[in-house]
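The file upload11.cif comes next; it holds mmCIF, C-alpha atoms and all ligand atoms.
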data_work
loop_
_atom_site.label_atom_id
_atom_site.label_comp_id
_atom_site.auth_asym_id
_atom_site.auth_seq_id
_atom_site.Cartn_x
_atom_site.Cartn_y
_atom_site.Cartn_z
CA MET P 173 -24.73 15.07 5.23
CA SER P 174 -28.44 15.12 4.62
CA ASP P 175 -29.79 11.83 3.31
CA THR P 176 -32.50 12.52 0.75
CA LEU P 177 -32.51 9.07 -0.83
CA PRO P 178 -35.60 6.85 -0.74
CA THR P 179 -35.64 3.49 1.12
CA ILE P 180 -33.89 1.78 -1.78
CA TRP P 181 -32.03 3.56 -4.53
CA GLU P 182 -30.22 2.95 -7.77
CA LEU P 183 -26.83 1.21 -7.78
CA GLU P 184 -24.11 3.38 -9.26
CA PRO P 185 -21.00 1.95 -10.95
CA HIS P 186 -18.69 3.20 -8.19
CA THR P 187 -20.85 1.46 -5.57
CA ALA P 188 -20.68 -1.76 -7.60
CA ALA P 189 -16.88 -1.34 -7.65
CA LYS P 190 -16.90 -0.87 -3.86
CA HIS P 191 -18.93 -4.08 -3.57
CA ARG P 192 -16.44 -5.98 -5.72
CA ILE P 193 -13.61 -4.88 -3.41
CA LEU P 194 -15.64 -5.95 -0.38
CA ARG P 195 -16.54 -9.36 -1.80
CA SER P 196 -13.03 -10.03 -2.97
CA TYR P 197 -11.57 -9.13 0.42
CA LEU P 198 -14.15 -11.18 2.34
CA ASP P 199 -13.51 -14.20 0.08
CA ALA P 200 -9.92 -14.10 1.34
CA TRP P 201 -10.49 -12.79 4.88
CA PHE P 202 -13.20 -15.14 6.18
CA PRO P 203 -11.23 -18.39 5.59
CA ILE P 204 -7.91 -16.91 6.75
CA LEU P 205 -9.45 -15.86 10.06
CA ALA P 206 -11.63 -18.96 10.41
CA ARG P 207 -8.50 -21.13 10.11
CA HIS P 208 -6.68 -19.18 12.81
CA PRO P 209 -6.07 -21.63 15.67
CA LYS P 210 -7.07 -19.12 18.36
CA ALA P 211 -10.25 -17.85 16.67
CA LYS P 212 -13.38 -18.91 18.57
CA ARG P 213 -15.53 -16.97 16.15
CA VAL P 214 -15.03 -14.44 13.37
CA LEU P 215 -17.04 -11.23 13.58
CA TYR P 216 -18.10 -9.06 10.64
CA VAL P 217 -20.06 -5.90 11.40
CA ASP P 218 -21.73 -3.99 8.58
CA ALA P 219 -22.47 -0.91 10.66
CA PHE P 220 -24.14 1.19 7.93
CA ALA P 221 -25.84 -1.78 6.33
CA GLY P 222 -28.42 -0.07 4.10
CA PRO P 223 -31.60 -1.78 2.83
CA GLY P 224 -29.88 -4.96 1.53
CA GLU P 225 -30.65 -4.44 -2.14
CA TYR P 226 -30.69 -1.78 -4.84
CA LYS P 227 -33.48 -0.62 -7.11
CA ASN P 228 -32.93 -3.21 -9.82
CA GLY P 229 -32.46 -6.06 -7.35
CA GLU P 230 -28.65 -5.88 -7.08
CA ASP P 231 -27.21 -7.08 -3.77
CA GLY P 232 -26.51 -4.65 -0.97
CA SER P 233 -23.43 -5.06 1.23
CA PRO P 234 -25.08 -7.37 3.87
CA VAL P 235 -26.05 -9.87 1.16
CA ILE P 236 -22.56 -9.65 -0.33
CA ALA P 237 -21.08 -10.69 3.04
CA LEU P 238 -23.63 -13.47 3.50
CA LYS P 239 -22.92 -14.84 0.02
CA ALA P 240 -19.16 -14.67 0.67
CA VAL P 241 -19.73 -17.26 3.40
CA LEU P 242 -22.48 -19.34 1.78
CA GLU P 243 -20.84 -19.58 -1.66
CA HIS P 244 -17.28 -20.19 -0.41
CA SER P 245 -15.73 -23.63 -0.80
CA HIS P 246 -14.46 -23.38 2.80
CA LYS P 247 -16.54 -25.37 5.32
CA PHE P 248 -16.46 -22.75 8.09
CA ASP P 249 -16.37 -24.92 11.21
CA THR P 250 -15.48 -21.75 13.10
CA LEU P 251 -18.53 -19.59 13.75
CA ILE P 252 -18.88 -16.60 11.42
CA ARG P 253 -21.10 -13.98 13.03
CA LEU P 254 -22.50 -11.33 10.69
CA VAL P 255 -23.93 -8.29 12.47
CA PHE P 256 -26.00 -5.76 10.53
CA VAL P 257 -26.88 -2.29 11.83
CA GLU P 258 -29.10 0.19 9.99
CA GLN P 259 -30.50 3.27 11.68
CA ASN P 260 -33.24 4.14 9.20
CA GLN P 261 -36.34 2.16 10.19
CA ALA P 262 -37.72 1.64 6.66
CA ARG P 263 -34.32 0.49 5.34
CA CYS P 264 -33.83 -1.73 8.38
CA ASP P 265 -37.25 -3.37 7.78
CA HIS P 266 -36.39 -3.82 4.12
CA LEU P 267 -33.07 -5.41 5.03
CA ARG P 268 -34.80 -7.80 7.45
CA ALA P 269 -37.06 -8.97 4.62
CA VAL P 270 -34.11 -9.35 2.22
CA ILE P 271 -32.09 -11.39 4.76
CA GLY P 272 -35.21 -13.47 5.46
CA ARG P 273 -35.08 -14.73 1.85
CA TYR P 274 -31.80 -16.49 2.69
CA ALA P 275 -33.08 -18.45 5.72
CA ASP P 276 -33.38 -21.75 3.79
CA LYS P 277 -30.00 -21.31 2.09
CA ILE P 278 -28.34 -20.61 5.45
CA LYS P 279 -29.82 -23.82 6.89
CA ALA P 280 -28.96 -25.89 3.82
CA ALA P 281 -25.33 -24.69 3.75
CA HIS P 282 -24.46 -26.51 7.02
CA LYS P 283 -21.90 -23.84 7.80
CA ARG P 284 -21.47 -22.18 11.17
CA VAL P 285 -22.84 -18.81 10.13
CA GLU P 286 -25.08 -16.67 12.31
CA VAL P 287 -26.83 -13.42 11.39
CA SER P 288 -27.37 -10.91 14.17
CA GLY P 289 -29.90 -8.20 13.36
CA PRO P 290 -30.55 -6.11 11.51
CA HIS P 291 -30.40 -3.82 14.52
CA CYS P 292 -32.35 -0.64 13.80
CA ASP P 293 -30.16 1.75 15.74
CA ASP P 294 -27.23 4.13 15.65
CA CYS P 295 -24.11 2.06 15.01
CA GLU P 296 -21.75 4.25 17.02
CA LYS P 297 -23.92 3.73 20.08
CA LEU P 298 -24.20 -0.04 19.51
CA LEU P 299 -20.51 -0.53 18.71
CA SER P 300 -19.36 1.49 21.73
CA LYS P 301 -21.69 -0.55 23.95
CA ALA P 302 -20.48 -3.85 22.48
CA LEU P 303 -16.80 -2.89 22.82
CA ALA P 304 -17.34 -1.88 26.46
CA ALA P 305 -19.15 -5.16 27.18
CA TYR P 306 -16.31 -7.24 25.69
CA GLU P 307 -13.81 -5.22 27.72
CA ALA P 308 -15.80 -5.67 30.95
CA LYS P 309 -15.86 -9.44 30.38
CA ARG P 310 -12.19 -9.40 29.31
CA GLN P 311 -13.15 -11.23 26.14
CA PRO P 312 -11.34 -10.63 22.85
CA PHE P 313 -13.46 -8.59 20.42
CA GLY P 314 -11.39 -9.71 17.44
CA PRO P 315 -10.98 -11.20 15.00
CA ALA P 316 -13.36 -8.65 13.59
CA LEU P 317 -13.82 -6.54 10.47
CA ILE P 318 -16.00 -3.47 10.87
CA PHE P 319 -17.37 -1.96 7.65
CA LEU P 320 -18.21 1.72 8.23
CA ASP P 321 -19.95 2.67 5.01
CA GLN P 322 -21.42 6.02 5.99
CA PHE P 323 -22.99 8.44 3.51
CA GLY P 324 -20.84 11.49 4.28
CA TYR P 325 -18.03 12.18 6.72
CA SER P 326 -19.78 13.08 9.98
CA ASP P 327 -20.96 9.68 11.29
CA VAL P 328 -17.58 8.02 11.80
CA PRO P 329 -15.55 9.91 14.39
CA LEU P 330 -11.86 9.05 14.53
CA ALA P 331 -12.45 8.11 18.19
CA LEU P 332 -14.67 5.23 17.06
CA VAL P 333 -12.02 3.88 14.69
CA ALA P 334 -9.42 4.22 17.50
CA ASN P 335 -11.70 2.40 19.92
CA ILE P 336 -12.10 -0.54 17.49
CA MET P 337 -8.44 -0.68 16.47
CA ARG P 338 -7.32 -0.97 20.13
CA TYR P 339 -8.37 -4.59 20.02
CA GLU P 340 -6.25 -7.37 18.60
CA GLN P 341 -7.06 -8.66 15.12
CA CYS P 342 -9.56 -5.90 14.38
CA GLU P 343 -9.80 -4.14 11.05
CA VAL P 344 -11.84 -1.21 9.77
CA PHE P 345 -12.93 -0.59 6.19
CA SER P 346 -14.50 2.84 5.97
CA TYR P 347 -15.93 5.46 3.68
CA LEU P 348 -14.96 9.14 3.78
CA HIS P 349 -16.72 11.63 1.55
CA GLY P 350 -13.68 13.49 0.23
CA ASP P 351 -15.69 15.62 -2.18
CA GLY P 352 -18.05 16.72 0.62
CA ILE P 353 -15.16 17.71 2.87
CA ARG P 354 -13.48 19.59 0.03
CA ARG P 355 -16.69 21.48 -0.79
CA PHE P 356 -17.51 22.36 2.82
CA LEU P 357 -14.00 23.26 3.83
CA GLU P 358 -14.72 26.99 3.97
CA ASP P 359 -18.08 26.57 5.77
CA PRO P 360 -17.55 27.08 9.53
CA SER P 361 -20.84 25.30 10.34
CA LYS P 362 -19.25 22.04 9.07
CA HIS P 363 -15.94 22.39 10.88
CA GLU P 364 -16.99 20.57 14.04
CA ALA P 365 -18.06 17.49 12.07
CA ILE P 366 -14.84 17.48 10.01
CA SER P 367 -12.80 17.78 13.21
CA ARG P 368 -14.68 14.80 14.69
CA ALA P 369 -13.82 12.77 11.60
CA TYR P 370 -10.14 13.76 11.83
CA GLY P 371 -9.97 13.62 15.63
CA GLY P 372 -8.75 17.24 15.76
CA ASP P 373 -8.11 20.36 13.71
CA SER P 374 -5.06 19.25 11.72
CA TRP P 375 -7.16 19.13 8.51
CA LYS P 376 -7.46 22.94 8.72
CA ALA P 377 -4.00 23.26 7.18
CA ALA P 378 -5.83 22.47 3.91
CA LEU P 379 -7.47 25.92 4.10
CA LYS P 380 -4.10 27.56 3.49
CA LEU P 381 -3.34 25.44 0.42
CA PRO P 382 -4.14 26.20 -3.22
CA LEU P 383 -7.46 24.53 -4.22
CA LYS P 384 -5.70 21.94 -6.40
CA GLN P 385 -3.61 20.60 -3.53
CA ARG P 386 -6.39 20.31 -0.97
CA VAL P 387 -7.84 16.92 -1.88
CA THR P 388 -4.47 15.14 -1.79
CA PHE P 389 -3.64 16.82 1.49
CA LEU P 390 -6.99 15.81 3.03
CA ALA P 391 -6.51 12.15 2.07
CA ASN P 392 -2.92 12.08 3.32
CA GLU P 393 -3.83 13.84 6.54
CA TYR P 394 -6.62 11.36 7.28
CA GLN P 395 -4.16 8.52 6.67
CA SER P 396 -1.73 10.24 9.00
CA VAL P 397 -4.22 10.72 11.88
CA LEU P 398 -5.38 7.11 11.54
CA LYS P 399 -1.79 6.13 12.26
CA SER P 400 -0.83 8.74 14.83
CA LYS P 401 -4.11 9.13 16.73
CA ALA P 402 -6.00 5.88 16.12
CA GLY P 403 -2.85 3.74 16.46
CA VAL P 404 -3.31 1.91 13.15
CA LYS P 405 -0.18 0.21 11.82
CA PHE P 406 -1.12 -0.13 8.13
CA VAL P 407 -3.51 2.20 6.28
CA TRP P 408 -4.34 2.11 2.59
CA HIS P 409 -6.89 4.10 0.65
CA PHE P 410 -8.73 3.82 -2.63
CA ALA P 411 -10.26 6.76 -4.52
CA MET P 412 -13.70 6.47 -6.09
CA HIS P 413 -14.37 8.86 -8.94
CA GLY P 414 -17.76 9.53 -10.53
CA GLU P 415 -19.01 11.20 -13.68
CA GLY P 416 -16.44 13.44 -15.36
CA ASP P 417 -13.75 11.60 -13.37
CA LYS P 418 -14.42 13.79 -10.33
CA LEU P 419 -13.39 12.49 -6.90
CA LEU P 420 -16.41 11.33 -4.88
CA TYR P 421 -15.02 9.52 -1.86
CA TRP P 422 -12.22 7.44 -0.46
CA LEU P 423 -12.32 3.99 1.02
CA PHE P 424 -9.85 3.65 3.87
CA PHE P 425 -8.64 0.29 5.09
CA CYS P 426 -7.05 -0.05 8.53
CA THR P 427 -5.26 -3.13 9.80
CA ASN P 428 -2.43 -4.05 12.12
CA HIS P 429 -1.47 -7.09 10.08
CA ARG P 430 0.56 -7.26 6.89
CA ARG P 431 -1.48 -10.15 5.53
CA GLY P 432 -4.67 -8.07 5.84
CA LEU P 433 -3.13 -5.24 3.85
CA GLU P 434 -1.80 -7.65 1.22
CA GLU P 435 -5.25 -9.12 0.65
CA MET P 436 -6.98 -5.73 0.60
CA LYS P 437 -4.48 -4.35 -1.93
CA ARG P 438 -5.11 -7.39 -4.11
CA ALA P 439 -8.88 -6.84 -3.83
CA MET P 440 -8.54 -3.14 -4.67
CA ALA P 441 -6.12 -3.75 -7.55
CA LYS P 442 -8.81 -5.86 -9.27
CA VAL P 443 -11.11 -2.84 -9.66
CA ASP P 444 -8.40 -0.25 -10.25
CA THR P 445 -9.05 1.48 -13.57
CA SER P 446 -5.91 3.62 -13.36
CA GLY P 447 -3.09 1.08 -13.68
CA GLY P 448 -1.65 1.36 -10.21
CA SER P 449 -2.89 4.49 -8.44
CA PHE P 450 -5.71 2.67 -6.63
CA LYS P 451 -8.56 4.51 -8.20
CA PHE P 452 -11.83 3.58 -9.86
CA SER P 453 -13.69 5.98 -12.12
CA ASP P 454 -17.27 5.82 -13.40
CA ALA P 455 -15.89 7.74 -16.37
CA PHE P 456 -13.62 4.84 -17.30
CA ASP P 457 -14.35 3.40 -20.72
CA PRO P 458 -13.57 -0.33 -20.68
CA GLY P 459 -12.64 -0.06 -24.37
CA GLN P 460 -9.95 2.49 -23.74
CA LEU P 461 -6.32 1.55 -23.43
CA VAL P 462 -5.09 1.61 -19.85
CA LEU P 463 -1.40 1.93 -19.13
CA PHE P 464 -1.26 -1.19 -16.99
CA ASP P 465 2.49 -1.24 -17.42
CA ARG P 466 2.77 1.85 -15.29
CA PHE P 467 3.25 -0.35 -12.26
CA SER P 468 5.37 -3.38 -13.05
CA ASP P 469 8.30 -5.46 -11.78
CA LYS P 470 10.59 -3.11 -13.74
CA TRP P 471 9.07 -0.10 -11.95
CA LEU P 472 9.59 -1.80 -8.58
CA GLU P 473 13.18 -2.76 -9.43
CA GLU P 474 14.01 0.85 -10.24
CA HIS P 475 12.11 2.19 -7.26
CA LEU P 476 13.84 -0.14 -4.75
CA SER P 477 17.29 0.48 -6.27
CA ARG P 478 16.79 4.24 -6.00
CA HIS P 479 15.07 4.29 -2.61
CA PHE P 480 17.55 2.00 -0.84
CA ALA P 481 20.69 3.00 -2.78
CA GLY P 482 23.77 2.47 -0.56
CA LYS P 483 21.65 1.22 2.36
CA GLU P 484 21.35 -2.04 4.28
CA ILE P 485 17.89 -3.33 5.07
CA THR P 486 16.23 -6.62 6.07
CA VAL P 487 13.91 -8.55 3.77
CA LYS P 488 11.13 -7.71 6.27
CA GLY P 489 11.89 -3.99 5.87
CA ILE P 490 11.65 -4.35 2.09
CA ALA P 491 8.37 -6.28 2.37
CA GLU P 492 6.85 -3.55 4.55
CA HIS P 493 8.12 -0.79 2.31
CA VAL P 494 6.64 -2.42 -0.80
CA LEU P 495 3.32 -2.91 0.95
CA GLU P 496 3.06 0.54 2.53
CA HIS P 497 4.67 2.77 -0.05
CA THR P 498 4.22 1.22 -3.48
CA PRO P 499 1.23 -0.16 -5.40
CA GLY P 500 2.72 -3.66 -5.11
CA VAL P 501 2.44 -6.65 -2.82
CA LEU P 502 4.99 -9.19 -4.12
CA TYR P 503 8.70 -8.39 -4.20
CA LYS P 504 10.78 -11.61 -4.19
CA THR P 505 10.98 -11.98 -7.99
CA VAL P 506 12.28 -8.42 -8.11
CA LEU P 507 14.89 -9.13 -5.42
CA LYS P 508 16.03 -12.19 -7.40
CA LYS P 509 16.45 -10.05 -10.53
CA LEU P 510 18.35 -7.41 -8.56
CA GLU P 511 20.67 -10.09 -7.15
CA ASP P 512 21.23 -11.59 -10.62
CA ASP P 513 22.13 -8.11 -11.90
CA GLY P 514 24.53 -7.49 -9.01
CA ALA P 515 22.43 -4.55 -7.81
CA ILE P 516 22.06 -6.06 -4.31
CA GLU P 517 24.25 -8.20 -2.10
CA VAL P 518 22.90 -10.55 0.57
CA LEU P 519 24.92 -10.20 3.76
CA PRO P 520 25.99 -13.11 6.00
CA PRO P 521 24.79 -15.08 7.92
CA TYR P 522 22.94 -16.65 4.98
CA GLY P 523 21.31 -19.54 6.84
CA LYS P 524 20.06 -22.13 4.38
CA ARG P 525 19.29 -19.81 1.51
CA ARG P 526 19.97 -20.62 -2.12
CA ARG P 527 21.01 -17.76 -4.42
CA GLY P 528 17.91 -15.95 -5.66
CA SER P 529 15.72 -17.06 -2.75
CA PHE P 530 14.79 -14.98 0.28
CA PRO P 531 13.19 -17.38 2.75
CA ASP P 532 14.19 -15.59 5.97
CA GLU P 533 12.75 -12.13 6.64
CA ASN P 534 15.73 -11.32 8.86
CA LEU P 535 18.21 -11.67 5.98
CA LYS P 536 20.07 -8.41 5.43
CA ILE P 537 20.45 -6.94 1.98
CA ARG P 538 22.86 -4.23 0.86
CA PHE P 539 21.83 -2.11 -2.14
CA ARG P 540 24.53 -0.84 -4.48
CA SER P 541 25.00 2.92 -4.23
C1 LIG P 601 -24.04 4.27 2.08
S1 LIG P 601 -25.45 3.63 2.78
C2 LIG P 601 -25.04 1.94 3.03
C3 LIG P 601 -24.95 1.12 1.82
C4 LIG P 601 -24.62 -0.32 2.10
N1 LIG P 601 -23.47 -0.45 2.97
C5 LIG P 601 -24.33 -1.05 0.80
O1 LIG P 601 -23.18 -1.00 0.35
O2 LIG P 601 -25.22 -1.67 0.24
C6 LIG P 601 -25.41 4.21 4.43
C7 LIG P 601 -26.54 3.67 5.29
O3 LIG P 601 -26.28 4.00 6.66
C8 LIG P 601 -27.48 4.34 7.30
N2 LIG P 601 -27.09 5.15 8.47
C9 LIG P 601 -26.87 6.49 8.53
N3 LIG P 601 -26.46 6.84 9.76
C10 LIG P 601 -26.38 5.70 10.49
C11 LIG P 601 -25.97 5.41 11.83
N4 LIG P 601 -25.56 6.38 12.65
N5 LIG P 601 -26.02 4.13 12.25
C12 LIG P 601 -26.43 3.13 11.40
N6 LIG P 601 -26.84 3.35 10.14
C13 LIG P 601 -26.80 4.62 9.67
C14 LIG P 601 -28.27 5.05 6.23
O4 LIG P 601 -29.67 5.00 6.50
C15 LIG P 601 -27.90 4.27 4.96
O5 LIG P 601 -28.81 3.26 4.71
#
Let me see whether you can do it: turn the structure in this file into structure tokens.
Amino acid sequence: MSDTLPTIWELEPHTAAKHRILRSYLDAWFPILARHPKAKRVLYVDAFAGPGEYKNGEDGSPVIALKAVLEHSHKFDTLIRLVFVEQNQARCDHLRAVIGRYADKIKAAHKRVEVSGPHCDDCEKLLSKALAAYEAKRQPFGPALIFLDQFGYSDVPLALVANIMRYEQCEVFSYLHGDGIRRFLEDPSKHEAISRAYGGDSWKAALKLPLKQRVTFLANEYQSVLKSKAGVKFVWHFAMHGEGDKLLYWLFFCTNHRRGLEEMKRAMAKVDTSGGSFKFSDAFDPGQLVLFDRFSDKWLEEHLSRHFAGKEITVKGIAEHVLEHTPGVLYKTVLKKLEDDGAIEVLPPYGKRRRGSFPDENLKIRFRS
């Protein structure tokens, strides 16, 4: 993707929505990881950091991360290291000046927060070097969240995501320009870059599909290669739509921990303008009625009853299914309702459970056929 933007540019509504997701996730993620007994430090890398602010003074993503630490009620006794990488020299210089404005606030906060950079370099090169150095020293790279907010689709090869996700407690939050891929699908000069992004040619199956089905296929296929080739356990994506409600890009979140996915789904749900399909649209009119009841406890009750009809499954299996295959996060109220209605039966051994409670994830449940 050619980058024709000036050093700083105007903030668009979908970017502001992306920033709200990021801030909301970091507000949850930093303290969870900082409290982890084994964490010596928590690492956040904004690998495509940008200039640090937008044309009308709105915060760029590095400032959003910095504020998530400085403004949080948590004390942060565990070191939070924020690393910023920006390849474009003018934007990198701008970012340095923006971060410089926070020097006094960082000191006054008395929190263990450290800013590394901005490093004016190619992030793939720097990240690969850093990962190799940690490996050579046999030091854990995680806990770490790597934000890969590229402009297009050609700067984040699947191999890089795989390399990061090999390490324990590492997560990736990345941008993929779905509209660009869709538009360039038939252009052979772009195929190598698309294959780098997908870690192979499997995306080419989209070429045989009717135009209308291509975008969904491309998103699902990326999700699938993140799991099969980059070894990610949980993947979730969010669609950003622009003017005329046209798809612009997807945000993909990769984690190997259920808690990470729960928090990211909560963060994404807050900016969802579609009532449960994890989508934000610039075309959304806040005055218009949104069918927020599309996803509800009732929906989940019906979905679980249908999906698991006649089957036995553990509470853990239900939790993972809800998280990975429905818009929801919470499920215990729904299980209680299903038990009250006689639609499920809890199988022995019950342990110490009271009727309507599901404290043990190993409890087995049988769904009525
Ligand atoms: C979408 S913008 C980042 C916006 C920023 N994350 C925010 O939300 O405020 C992408 C940035 O990545 C930079 N960039 C492009 N290729 C890069 C690379 N290989 N390594 C590091 N930065 C790169 C661009 O100069 C641009 O500033």
Mind giving me the axis-aligned box for ligand LIG 601 (chain P) with 8 Å on every side, centre plus edges in Å to one decimal, as AutoDock Vina command-line options?
--center_x -26.4 --center_y 2.6 --center_z 6.4 --size_x 22.5 --size_y 24.5 --size_z 28.4
Selection as a ChimeraX atom specification: residues within 7 Å of ligand LIG 601 (chain P) by only C-alpha atoms and all ligand atoms: /P:187,191,218-225,232-234,257-260,263,293-296,321-323,327
Nearest to Leu348 of chain P, chosen from P:Leu423, P:Ala237, P:Val270, P:Leu507, with only C-alpha atoms counted in the distances: P:Leu423
Nearest-residue call for Ala302 of chain P, choices P:Ala275, P:Leu194, P:Ile366, P:Val217, using only C-alpha atoms: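 The answer is P:Val217, which sits nearest to Ala302 of chain P.
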Top pick for closest residue to Val344 of chain P, considering P:Leu317, P:Ile236, P:Leu502, P:Leu330 and counting all atoms listed in the file: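 Using all atoms listed in the file, the shortest distance to Val344 of chain P belongs to P:Leu317.
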His349 of chain P surroundings by only C-alpha atoms, 7 Å radius, close-in-sequence under 5 positions cut, as a PyMOL selection string: chain P and resi 324-325+420-422
Nearby residues (only C-alpha atoms) at most 12 Å from Lys376 of chain P, same-chain spacing under 6 positions excluded, as an MDAnalysis selection string: chainID P and resid 353:354 356:360 362:364 366:367 370 386 389:390 393:394
Dump as a PDB file, in the frame of the given file, selection limited to C-alpha atoms:
ATOM      1  CA  ILE P 353     -15.160  17.710   2.870  1.00  0.00           C
ATOM      2  CA  ARG P 354     -13.480  19.590   0.030  1.00  0.00           C
ATOM      3  CA  PHE P 356     -17.510  22.360   2.820  1.00  0.00           C
ATOM      4  CA  LEU P 357     -14.000  23.260   3.830  1.00  0.00           C
ATOM      5  CA  GLU P 358     -14.720  26.990   3.970  1.00  0.00           C
ATOM      6  CA  ASP P 359     -18.080  26.570   5.770  1.00  0.00           C
ATOM      7  CA  PRO P 360     -17.550  27.080   9.530  1.00  0.00           C
ATOM      8  CA  LYS P 362     -19.250  22.040   9.070  1.00  0.00           C
ATOM      9  CA  HIS P 363     -15.940  22.390  10.880  1.00  0.00           C
ATOM     10  CA  GLU P 364     -16.990  20.570  14.040  1.00  0.00           C
ATOM     11  CA  ILE P 366     -14.840  17.480  10.010  1.00  0.00           C
ATOM     12  CA  SER P 367     -12.800  17.780  13.210  1.00  0.00           C
ATOM     13  CA  TYR P 370     -10.140  13.760  11.830  1.00  0.00           C
ATOM     14  CA  ARG P 386      -6.390  20.310  -0.970  1.00  0.00           C
ATOM     15  CA  PHE P 389      -3.640  16.820   1.490  1.00  0.00           C
ATOM     16  CA  LEU P 390      -6.990  15.810   3.030  1.00  0.00           C
ATOM     17  CA  GLU P 393      -3.830  13.840   6.540  1.00  0.00           C
ATOM     18  CA  TYR P 394      -6.620  11.360   7.280  1.00  0.00           C
TER      19      TYR P 394
END
Atom pair atom CA of Gln261 of chain P / atom CA of Asp276 of chain P: separation (Å):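 Interatomic distance here is 24.9 Å.
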Shell of 9 Å around Leu535 of chain P, only C-alpha atoms, local chain residues under 4 positions omitted, as a ChimeraX atom specification: /P:485-488,518-523,530-531
Atomic distance atom CA of Ile490 of chain P - atom CA of Ala200 of chain P, expressed in Å with one decimal: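 Separation of atom CA of Ile490 of chain P and atom CA of Ala200 of chain P: 23.7 Å.
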Spatial neighbours of Val285 of chain P, 8 Å, all atoms listed in the file, chain gap at least 3 places, as a ChimeraX atom specification: /P:241,248,251-254,278
Can I get the selected residues back with C-alpha atoms, as an mmCIF file, keeping the file's coordinate frame?
data_model
loop_
_atom_site.group_PDB
_atom_site.id
_atom_site.type_symbol
_atom_site.label_atom_id
_atom_site.label_comp_id
_atom_site.auth_asym_id
_atom_site.auth_seq_id
_atom_site.Cartn_x
_atom_site.Cartn_y
_atom_site.Cartn_z
ATOM 1 C CA VAL P 241 -19.730 -17.260 3.400
ATOM 2 C CA PHE P 248 -16.460 -22.750 8.090
ATOM 3 C CA LEU P 251 -18.530 -19.590 13.750
ATOM 4 C CA ILE P 252 -18.880 -16.600 11.420
ATOM 5 C CA ARG P 253 -21.100 -13.980 13.030
ATOM 6 C CA LEU P 254 -22.500 -11.330 10.690
ATOM 7 C CA ILE P 278 -28.340 -20.610 5.450
#
Atomic separation - atom CA of Gly500 of chain P relative to atom CA of Phe406 of chain P, Å: 14.2 Å
Nearest candidate to Ser245 of chain P (options P:Ala188, P:Ala281, P:Met440, P:Ile336; using all atoms listed in the file):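 Of P:Ala188, P:Ala281, P:Met440, P:Ile336, the one nearest Ser245 of chain P, counting all atoms listed in the file, is P:Ala281.
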Here's a test: counting only C-alpha atoms, identify every protein, DNA and RNA residue with an atom at most 12 Å from (3.8, -2.1, -13.4) in the file's coordinate frame, and state them as a PDB file with C-alpha atoms, in the coordinates of the input.
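And here is the file that came out, part.pdb:
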ATOM      1  CA  ALA P 441      -6.120  -3.750  -7.550  1.00  0.00           C
ATOM      2  CA  SER P 446      -5.910   3.620 -13.360  1.00  0.00           C
ATOM      3  CA  GLY P 447      -3.090   1.080 -13.680  1.00  0.00           C
ATOM      4  CA  GLY P 448      -1.650   1.360 -10.210  1.00  0.00           C
ATOM      5  CA  SER P 449      -2.890   4.490  -8.440  1.00  0.00           C
ATOM      6  CA  VAL P 462      -5.090   1.610 -19.850  1.00  0.00           C
ATOM      7  CA  LEU P 463      -1.400   1.930 -19.130  1.00  0.00           C
ATOM      8  CA  PHE P 464      -1.260  -1.190 -16.990  1.00  0.00           C
ATOM      9  CA  ASP P 465       2.490  -1.240 -17.420  1.00  0.00           C
ATOM     10  CA  ARG P 466       2.770   1.850 -15.290  1.00  0.00           C
ATOM     11  CA  PHE P 467       3.250  -0.350 -12.260  1.00  0.00           C
ATOM     12  CA  SER P 468       5.370  -3.380 -13.050  1.00  0.00           C
ATOM     13  CA  ASP P 469       8.300  -5.460 -11.780  1.00  0.00           C
ATOM     14  CA  LYS P 470      10.590  -3.110 -13.740  1.00  0.00           C
ATOM     15  CA  TRP P 471       9.070  -0.100 -11.950  1.00  0.00           C
ATOM     16  CA  LEU P 472       9.590  -1.800  -8.580  1.00  0.00           C
ATOM     17  CA  GLU P 473      13.180  -2.760  -9.430  1.00  0.00           C
ATOM     18  CA  GLU P 474      14.010   0.850 -10.240  1.00  0.00           C
ATOM     19  CA  HIS P 475      12.110   2.190  -7.260  1.00  0.00           C
ATOM     20  CA  THR P 498       4.220   1.220  -3.480  1.00  0.00           C
ATOM     21  CA  PRO P 499       1.230  -0.160  -5.400  1.00  0.00           C
ATOM     22  CA  GLY P 500       2.720  -3.660  -5.110  1.00  0.00           C
ATOM     23  CA  VAL P 501       2.440  -6.650  -2.820  1.00  0.00           C
ATOM     24  CA  LEU P 502       4.990  -9.190  -4.120  1.00  0.00           C
ATOM     25  CA  VAL P 506      12.280  -8.420  -8.110  1.00  0.00           C
TER      26      VAL P 506
END
Any idea what's packed within 12 Å of Lys210 of chain P, counting only C-alpha atoms, ignoring anything in its chain fewer than 3 positions away? Could you give it as a PDB file with C-alpha atoms, in the coordinates of the input?
ATOM      1  CA  ILE P 204      -7.910 -16.910   6.750  1.00  0.00           C
ATOM      2  CA  LEU P 205      -9.450 -15.860  10.060  1.00  0.00           C
ATOM      3  CA  ALA P 206     -11.630 -18.960  10.410  1.00  0.00           C
ATOM      4  CA  ARG P 207      -8.500 -21.130  10.110  1.00  0.00           C
ATOM      5  CA  ARG P 213     -15.530 -16.970  16.150  1.00  0.00           C
ATOM      6  CA  VAL P 214     -15.030 -14.440  13.370  1.00  0.00           C
ATOM      7  CA  THR P 250     -15.480 -21.750  13.100  1.00  0.00           C
ATOM      8  CA  PRO P 312     -11.340 -10.630  22.850  1.00  0.00           C
ATOM      9  CA  GLY P 314     -11.390  -9.710  17.440  1.00  0.00           C
ATOM     10  CA  PRO P 315     -10.980 -11.200  15.000  1.00  0.00           C
ATOM     11  CA  GLU P 340      -6.250  -7.370  18.600  1.00  0.00           C
ATOM     12  CA  GLN P 341      -7.060  -8.660  15.120  1.00  0.00           C
TER      13      GLN P 341
END
